[in-house]
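The file query.txt contains compact mmCIF, C-alpha atoms:
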```txt
# COMPACT_ATOMS: atom_id res chain seq x y z
CA MET A 268 -3.07 31.63 33.29
CA ARG A 269 0.29 32.64 34.79
CA ALA A 270 1.43 29.01 35.07
CA LEU A 271 0.46 28.45 31.44
CA SER A 272 2.44 31.55 30.43
CA VAL A 273 5.54 30.33 32.30
CA SER A 274 5.23 26.91 30.65
CA ARG A 275 5.03 28.48 27.23
CA SER A 276 8.08 30.62 27.98
CA ARG A 277 10.05 27.56 28.99
CA LEU A 278 8.93 25.72 25.89
CA ALA A 279 10.04 28.67 23.78
CA LEU A 280 13.46 28.65 25.43
CA VAL A 281 13.84 24.91 24.93
CA ALA A 282 12.71 25.15 21.32
CA GLY A 283 15.10 28.04 20.70
CA ALA A 284 18.01 26.12 22.19
CA LEU A 285 17.19 23.06 20.10
CA LEU A 286 17.03 25.12 16.91
CA LEU A 287 20.31 26.80 17.80
CA GLY A 288 21.91 23.42 18.43
CA VAL A 289 20.74 22.13 15.05
CA ALA A 290 22.02 25.28 13.35
CA ILE A 291 25.44 25.01 14.98
CA THR A 292 25.97 21.44 13.82
CA GLY A 293 25.86 22.72 10.24
CA CYS A 294 28.03 25.80 10.78
CA SER A 295 31.67 26.45 10.18
CA GLN A 296 33.70 26.93 13.35
CA GLN A 297 33.69 30.71 12.95
CA GLY A 298 29.98 30.74 12.16
CA ALA A 299 29.18 28.66 15.22
CA GLN A 300 31.21 30.95 17.47
CA ASN A 301 29.51 34.06 16.10
CA THR A 302 26.09 32.51 16.61
CA LEU A 303 26.84 31.53 20.20
CA ASN A 304 28.32 34.88 21.13
CA ARG A 305 25.24 36.71 19.89
CA VAL A 306 22.99 34.89 22.34
CA VAL A 307 25.30 34.63 25.37
CA SER A 308 24.96 37.37 27.97
CA THR A 309 27.70 38.35 30.42
CA GLY A 310 25.29 40.33 32.60
CA GLY A 311 26.19 40.03 36.27
CA LEU A 312 29.80 39.03 35.52
CA THR A 313 32.86 41.26 35.78
CA VAL A 314 34.57 41.30 32.37
CA THR A 315 38.00 42.87 31.88
CA THR A 316 39.05 43.00 28.23
CA ASP A 317 42.49 43.17 26.64
CA VAL A 318 44.64 42.36 29.64
CA VAL A 319 48.20 42.62 28.31
CA TYR A 320 50.60 39.72 28.81
CA GLY A 321 53.27 40.48 26.19
CA THR A 322 54.55 42.96 23.62
CA ASP A 323 52.76 41.72 20.49
CA SER A 324 49.38 43.21 19.55
CA ARG A 325 47.81 39.74 20.00
CA ASN A 326 49.25 39.27 23.47
CA ARG A 327 45.92 40.07 25.09
CA MET A 328 43.33 38.16 27.11
CA ASP A 329 39.80 38.82 28.35
CA VAL A 330 39.02 37.88 31.95
CA TYR A 331 35.53 36.79 33.02
CA ALA A 332 34.96 36.75 36.77
CA PRO A 333 31.92 35.90 38.89
CA ALA A 334 30.56 38.92 40.74
CA GLY A 335 32.17 39.12 44.18
CA ALA A 336 34.62 36.31 43.44
CA SER A 337 37.14 35.56 46.19
CA ALA A 338 39.90 32.93 46.02
CA ALA A 339 38.10 31.24 43.11
CA PRO A 340 39.76 28.66 40.85
CA VAL A 341 41.40 30.24 37.80
CA VAL A 342 41.16 28.85 34.26
CA LEU A 343 43.15 29.92 31.18
CA PHE A 344 41.35 29.01 27.93
CA VAL A 345 43.21 28.82 24.60
CA HIS A 346 41.21 29.01 21.35
CA GLY A 347 41.63 26.85 18.25
CA GLY A 348 41.96 27.77 14.58
CA SER A 349 44.80 25.64 13.14
CA TRP A 350 47.28 28.13 14.68
CA GLU A 351 46.42 30.52 11.82
CA GLY A 352 43.08 31.97 12.93
CA GLY A 353 40.59 32.33 15.73
CA ASP A 354 40.44 34.87 18.51
CA LYS A 355 39.35 35.43 22.08
CA GLU A 356 36.30 37.42 21.02
CA GLY A 357 34.93 34.31 19.32
CA HIS A 358 35.02 32.37 22.59
CA LYS A 359 33.06 34.61 24.91
CA PHE A 360 30.67 31.67 25.36
CA VAL A 361 33.45 29.66 27.03
CA GLY A 362 34.46 32.48 29.36
CA GLU A 363 30.85 33.10 30.31
CA SER A 364 30.14 29.40 30.90
CA LEU A 365 33.11 28.87 33.22
CA ALA A 366 32.59 32.16 35.06
CA ARG A 367 28.95 31.20 35.76
CA ALA A 368 30.33 28.00 37.32
CA GLY A 369 32.35 30.15 39.76
CA TYR A 370 35.75 30.27 38.07
CA VAL A 371 37.83 33.29 37.12
CA THR A 372 38.42 32.58 33.43
CA ALA A 373 40.84 34.19 30.99
CA VAL A 374 40.30 33.68 27.24
CA MET A 375 43.51 34.51 25.42
CA ASN A 376 44.76 35.44 21.97
CA TYR A 377 48.18 34.33 20.77
CA ARG A 378 50.52 35.03 17.88
CA LEU A 379 49.45 33.27 14.69
CA ALA A 380 51.23 31.24 12.03
CA PRO A 381 52.68 31.33 9.49
CA ALA A 382 54.35 34.57 10.62
CA ASN A 383 54.76 33.03 14.07
CA ARG A 384 55.61 29.36 14.06
CA TYR A 385 56.12 26.86 16.87
CA PRO A 386 57.01 27.52 19.64
CA ALA A 387 55.75 31.15 19.55
CA TYR A 388 52.13 30.31 20.34
CA VAL A 389 53.17 27.88 23.08
CA GLN A 390 55.41 30.51 24.63
CA ASP A 391 52.46 32.91 24.53
CA THR A 392 50.35 30.40 26.45
CA ALA A 393 52.98 30.14 29.17
CA ALA A 394 53.40 33.93 29.28
CA ALA A 395 49.64 34.45 29.60
CA LEU A 396 49.57 31.92 32.41
CA ARG A 397 52.33 33.81 34.23
CA VAL A 398 50.47 37.13 34.05
CA LEU A 399 47.15 35.49 34.97
CA ARG A 400 48.78 33.89 38.00
CA ASP A 401 50.45 37.15 39.02
CA THR A 402 47.18 39.11 38.77
CA ALA A 403 44.69 36.43 39.83
CA LYS A 404 43.87 38.06 43.16
CA THR A 405 42.84 41.31 41.46
CA PHE A 406 40.08 39.37 39.68
CA GLY A 407 39.05 37.38 42.74
CA GLY A 408 41.03 34.27 41.88
CA ASN A 409 43.44 32.03 43.76
CA PRO A 410 46.86 32.01 42.02
CA ASP A 411 47.60 28.55 43.41
CA ASN A 412 44.40 27.07 41.95
CA LEU A 413 45.21 27.17 38.24
CA PHE A 414 43.84 25.14 35.32
CA VAL A 415 44.65 25.36 31.62
CA MET A 416 42.14 24.40 28.91
CA GLY A 417 42.20 24.51 25.12
CA HIS A 418 40.23 23.43 22.08
CA SER A 419 41.77 22.06 18.87
CA ALA A 420 45.07 23.91 18.19
CA GLY A 421 44.52 25.60 21.54
CA ALA A 422 44.50 22.19 23.23
CA PHE A 423 47.89 21.51 21.64
CA ASN A 424 49.14 24.84 23.06
CA ALA A 425 47.71 24.15 26.52
CA VAL A 426 49.10 20.63 26.81
CA GLU A 427 52.50 21.45 25.35
CA ALA A 428 52.89 24.57 27.54
CA VAL A 429 52.33 22.55 30.72
CA ASP A 430 53.72 19.11 29.87
CA ASN A 431 57.00 20.32 28.40
CA GLU A 432 58.83 21.67 31.45
CA ARG A 433 60.80 24.10 29.30
CA TRP A 434 57.96 26.54 28.64
CA LEU A 435 56.79 27.08 32.23
CA ARG A 436 60.37 27.39 33.42
CA GLU A 437 61.26 29.97 30.75
CA ALA A 438 58.08 31.96 31.49
CA GLY A 439 58.79 32.03 35.21
CA VAL A 440 55.81 29.90 36.21
CA PRO A 441 56.44 27.43 39.07
CA ILE A 442 56.52 23.96 37.60
CA ARG A 443 53.80 22.71 39.97
CA ALA A 444 51.55 25.76 39.64
CA VAL A 445 48.98 24.09 37.39
CA ARG A 446 46.53 21.69 39.03
CA GLY A 447 45.01 20.29 35.84
CA VAL A 448 45.04 20.43 32.05
CA ILE A 449 41.95 20.05 29.86
CA GLY A 450 42.33 19.25 26.18
CA VAL A 451 39.28 19.27 23.91
CA ALA A 452 39.75 17.68 20.46
CA GLY A 453 43.45 18.48 20.35
CA PRO A 454 46.02 17.49 17.67
CA TYR A 455 48.62 16.21 20.11
CA SER A 456 50.32 13.58 17.98
CA TYR A 457 50.31 13.62 14.18
CA ASP A 458 52.66 13.93 11.23
CA PHE A 459 52.04 17.41 9.86
CA ARG A 460 54.54 17.10 7.01
CA GLY A 461 52.79 17.55 3.70
CA MET A 462 49.69 18.97 5.38
CA SER A 463 48.48 22.57 5.29
CA SER A 464 49.25 22.91 9.01
CA ALA A 465 52.95 22.33 8.28
CA GLN A 466 53.36 26.09 8.00
CA ALA A 467 52.64 26.38 11.71
CA PHE A 468 55.91 24.54 12.41
CA PRO A 469 59.55 25.30 11.56
CA ASP A 470 60.90 24.18 8.21
CA GLY A 471 62.46 20.77 8.59
CA ALA A 472 60.81 20.09 11.96
CA LEU A 473 59.85 16.52 12.83
CA PRO A 474 56.87 15.37 14.91
CA ASP A 475 59.28 14.32 17.67
CA ASP A 476 60.47 17.94 17.86
CA VAL A 477 57.10 19.57 18.41
CA MET A 478 54.28 17.19 19.36
CA PRO A 479 53.04 17.33 22.98
CA ALA A 480 52.79 13.54 23.13
CA ARG A 481 56.59 13.44 22.78
CA HIS A 482 57.23 15.92 25.61
CA VAL A 483 55.41 14.62 28.69
CA ARG A 484 57.20 15.18 31.99
CA ARG A 485 56.61 12.59 34.69
CA ASP A 486 55.44 15.15 37.24
CA ALA A 487 52.84 16.75 34.96
CA PRO A 488 49.43 17.46 36.57
CA PRO A 489 46.30 15.38 35.91
CA HIS A 490 44.74 15.67 32.44
CA LEU A 491 41.24 15.52 31.04
CA LEU A 492 41.23 14.63 27.35
CA LEU A 493 37.86 14.93 25.60
CA VAL A 494 37.66 13.46 22.11
CA ALA A 495 34.83 13.91 19.61
CA GLY A 496 33.95 10.47 18.31
CA SER A 497 32.88 11.80 14.91
CA ASP A 498 35.65 14.38 14.53
CA ARG A 499 36.87 14.62 10.93
CA THR A 500 39.10 17.64 11.55
CA VAL A 501 41.28 16.27 14.35
CA TYR A 502 41.06 12.51 14.34
CA PRO A 503 40.50 10.65 17.62
CA GLN A 504 43.86 8.89 17.29
CA ASN A 505 45.46 12.11 18.54
CA GLY A 506 43.73 11.72 21.88
CA GLU A 507 44.49 8.03 22.05
CA GLN A 508 48.20 8.60 21.46
CA MET A 509 48.29 11.45 23.98
CA LYS A 510 46.66 9.20 26.56
CA ALA A 511 49.25 6.50 25.86
CA ALA A 512 52.07 9.01 26.39
CA LEU A 513 50.57 10.21 29.67
CA ASP A 514 50.04 6.63 30.84
CA ALA A 515 53.65 5.78 30.00
CA ALA A 516 54.84 8.73 32.09
CA GLY A 517 52.56 7.80 34.98
CA VAL A 518 50.51 11.00 34.68
CA PRO A 519 46.85 10.69 35.78
CA VAL A 520 44.55 11.06 32.79
CA THR A 521 40.81 10.91 32.27
CA PHE A 522 40.18 10.02 28.65
CA THR A 523 36.65 10.28 27.29
CA VAL A 524 35.38 9.74 23.76
CA LEU A 525 32.08 11.54 23.23
CA PRO A 526 30.12 9.51 20.63
CA GLY A 527 28.44 11.36 17.80
CA MET A 528 30.10 14.67 18.55
CA GLY A 529 32.09 16.61 15.96
CA HIS A 530 34.92 19.08 16.11
CA ILE A 531 32.58 22.05 16.53
CA THR A 532 29.81 20.56 18.66
CA ILE A 533 32.26 19.30 21.30
CA ILE A 534 33.24 22.87 22.18
CA ALA A 535 29.80 24.37 21.47
CA ALA A 536 28.51 22.08 24.23
CA MET A 537 30.42 24.24 26.72
CA THR A 538 27.56 26.73 26.31
CA ARG A 539 25.25 26.48 29.31
CA PHE A 540 22.05 26.10 27.29
CA LEU A 541 23.52 23.67 24.74
CA THR A 542 24.56 20.90 27.11
CA PHE A 543 22.08 18.61 25.35
CA LEU A 544 24.64 18.45 22.52
CA GLY A 545 26.92 16.44 24.79
CA PRO A 546 28.57 16.31 28.22
CA THR A 547 31.55 18.59 27.52
CA ARG A 548 30.64 21.19 30.14
CA GLN A 549 29.64 18.59 32.72
CA ASP A 550 32.93 16.71 32.28
CA VAL A 551 35.04 19.88 32.45
CA LEU A 552 33.36 21.14 35.62
CA ALA A 553 33.59 17.72 37.28
CA PHE A 554 37.32 17.56 36.51
CA ILE A 555 37.99 21.01 37.95
CA GLU A 556 35.88 20.41 41.04
CA ALA A 557 37.69 17.15 41.75
CA ARG A 558 41.12 18.79 41.56
CA ARG A 559 40.64 22.33 42.82
CA LEU A 560 41.91 23.46 46.18
CA PRO A 561 39.17 23.66 48.84
```

Take the structure in the file and give it back as structure tokens.
Amino acid sequence: MRALSVSRSRLALVAGALLLGVAITGCSQQGAQNTLNRVVSTGGLTVTTDVVYGTDSRNRMDVYAPAGASAAPVVLFVHGGSWEGGDKEGHKFVGESLARAGYVTAVMNYRLAPANRYPAYVQDTAAALRVLRDTAKTFGGNPDNLFVMGHSAGAFNAVEAVDNERWLREAGVPIRAVRGVIGVAGPYSYDFRGMSSAQAFPDGALPDDVMPARHVRRDAPPHLLLVAGSDRTVYPQNGEQMKAALDAAGVPVTFTVLPGMGHITIIAAMTRFLTFLGPTRQDVLAFIEARRLP
């Protein structure tokens, strides 16, 4: 009877996860995040909220650390939202997922457009990275074992902050401090003029002025670019053009198109019990493990 009860419990969990996965595919990005956060538990993790990294009210990050962490890899995650929305609270599921894998993970907020246009949100990413590096040991992390990851607009921020030498230098982060960059469905190379996202950039700005694909330094760290094959929010060409720019600069890049995945499901698949949606989590963990310090 006990074995039958356990089997039924497992079936219930699987069925629940499947139903949740189906529900998420039909949600808005905010709706999907809210749904995931309601079912993700941070029990057993050490969570430090609202770590300050700057003077603005949005210059805050939440840090998720494995219990008893010591010299663990450190990941900074940057949320999406077209530079005009989104928040760290909506991405608890990412912090929890990476912390369960053994990484000290900070999920950050940043200043939003249109009040704060490029490069404000990129500068915030670099500033958060500086504070995370400076305080990594207090959370059980290794400050020399840093990774930066972002989704959508956050992937733009992550890649631009690391690949354009200016931002790390101005923030006081050693240029070789980051061991890897992970971009998930990022808009790295597009002409924003005439689009609603134009208000995230300065008036009169050109793509050459702001796009990460135009700013790749030759000594940038390895990149993982994950592209949703069915993305109709950020088209796959962005990833293709970013890969071409990295290749031209001689920067190691792993470029993976995930067939059938959309702009929301590609990040939802970071959730530990939704990996059946696609290999996002598996690919991210494999990348970090291959490039982390021993």

Å distance separating atom CA of Ala444 of chain A from atom CA of Val429 of chain A, one decimal place
9.5 Å

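Between atom CA of Phe468 of chain A and atom CA of Val518 of chain A lies a distance of 26.6 Å.
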
Residue neighbourhood Val371 of chain A, 6 Å, all atoms listed in the file, exclusion window fewer than 6 positions, as a PyMOL selection string
chain A and resi 331-332+341+408

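Distances to Arg436 of chain A were evaluated for A:Ala334, A:Ala394, A:Ile531, A:Ala495 using all atoms listed in the file, and the minimum falls at A:Ala394.
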
Selected residue, from A:Asp391, A:Glu556, A:Glu356, A:Asp458, that lies nearest to Ala425 of chain A when counting all atoms listed in the file:
A:Asp391

Neighbouring residues of Arg499 of chain A were defined as those with any atom within 8 Å, considering only C-alpha atoms; residues of the same chain fewer than 2 positions away were excluded. Please report them as a ChimeraX atom specification.
/A:497,501-502,529-530

Quick one: everything within 10 Å of His346 of chain A, counting all atoms listed in the file, minus sequence neighbours fewer than 6 positions away in the same chain. Send it as a PyMOL selection string.
chain A and resi 352-358+361+374-377+416-422+424-425

For segment 385-388 of chain A, please output as a ChimeraX atom specification all residues within 12 Å (counting all atoms listed in the file; exclusion window: fewer than 2 positions along the same chain).
/A:321,323,325-326,345-352,375-383,390-395,420-425,427-428,431,433-434,464-470,472-474,476-479

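Atom CA of Pro519 of chain A is found 28.9 Å from atom CA of Leu541 of chain A.
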
Residues at most 10 Å from Arg446 of chain A, counting all atoms listed in the file, excluding those fewer than 6 positions away in the same chain, as a list in words?
Pro340, Asp411, Asn412, Leu413, Phe414, Val415, Ala487, Pro488, Pro489, His490, Ile555, Arg558, Arg559 and Leu560 of chain A

Nearby residues, (31.1, 28.8, 32.0) file frame, 9 Å, only C-alpha atoms, as a PDB file with C-alpha atoms, in the coordinates of the input:
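Once written, result.pdb looks like this:
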```
ATOM      1  CA  PHE A 360      30.670  31.670  25.360  1.00  0.00           C
ATOM      2  CA  VAL A 361      33.450  29.660  27.030  1.00  0.00           C
ATOM      3  CA  GLY A 362      34.460  32.480  29.360  1.00  0.00           C
ATOM      4  CA  GLU A 363      30.850  33.100  30.310  1.00  0.00           C
ATOM      5  CA  SER A 364      30.140  29.400  30.900  1.00  0.00           C
ATOM      6  CA  LEU A 365      33.110  28.870  33.220  1.00  0.00           C
ATOM      7  CA  ALA A 366      32.590  32.160  35.060  1.00  0.00           C
ATOM      8  CA  ARG A 367      28.950  31.200  35.760  1.00  0.00           C
ATOM      9  CA  ALA A 368      30.330  28.000  37.320  1.00  0.00           C
ATOM     10  CA  GLY A 369      32.350  30.150  39.760  1.00  0.00           C
ATOM     11  CA  TYR A 370      35.750  30.270  38.070  1.00  0.00           C
ATOM     12  CA  THR A 372      38.420  32.580  33.430  1.00  0.00           C
ATOM     13  CA  MET A 537      30.420  24.240  26.720  1.00  0.00           C
ATOM     14  CA  THR A 538      27.560  26.730  26.310  1.00  0.00           C
ATOM     15  CA  ARG A 539      25.250  26.480  29.310  1.00  0.00           C
ATOM     16  CA  ARG A 548      30.640  21.190  30.140  1.00  0.00           C
ATOM     17  CA  LEU A 552      33.360  21.140  35.620  1.00  0.00           C
TER      18      LEU A 552
END
```

Provide an axis-aligned box for all listed atoms of segment 534-547 of chain A, padding each side by 3 Å; report its centre and its edge lengths in Å to one decimal, as JSON.
```
{"center_x": 27.6, "center_y": 21.5, "center_z": 25.4, "size_x": 17.2, "size_y": 16.4, "size_z": 13.8}
```

For Ala557 of chain A, which residue among A:Leu525, A:Ile534, A:Gly447, A:Val483 is the nearest when counting all atoms listed in the file?
A:Gly447

Nearest residue to Leu493 of chain A out of A:Met328, A:Leu396, A:Ala452, A:Ala516, using only C-alpha atoms?
A:Ala452
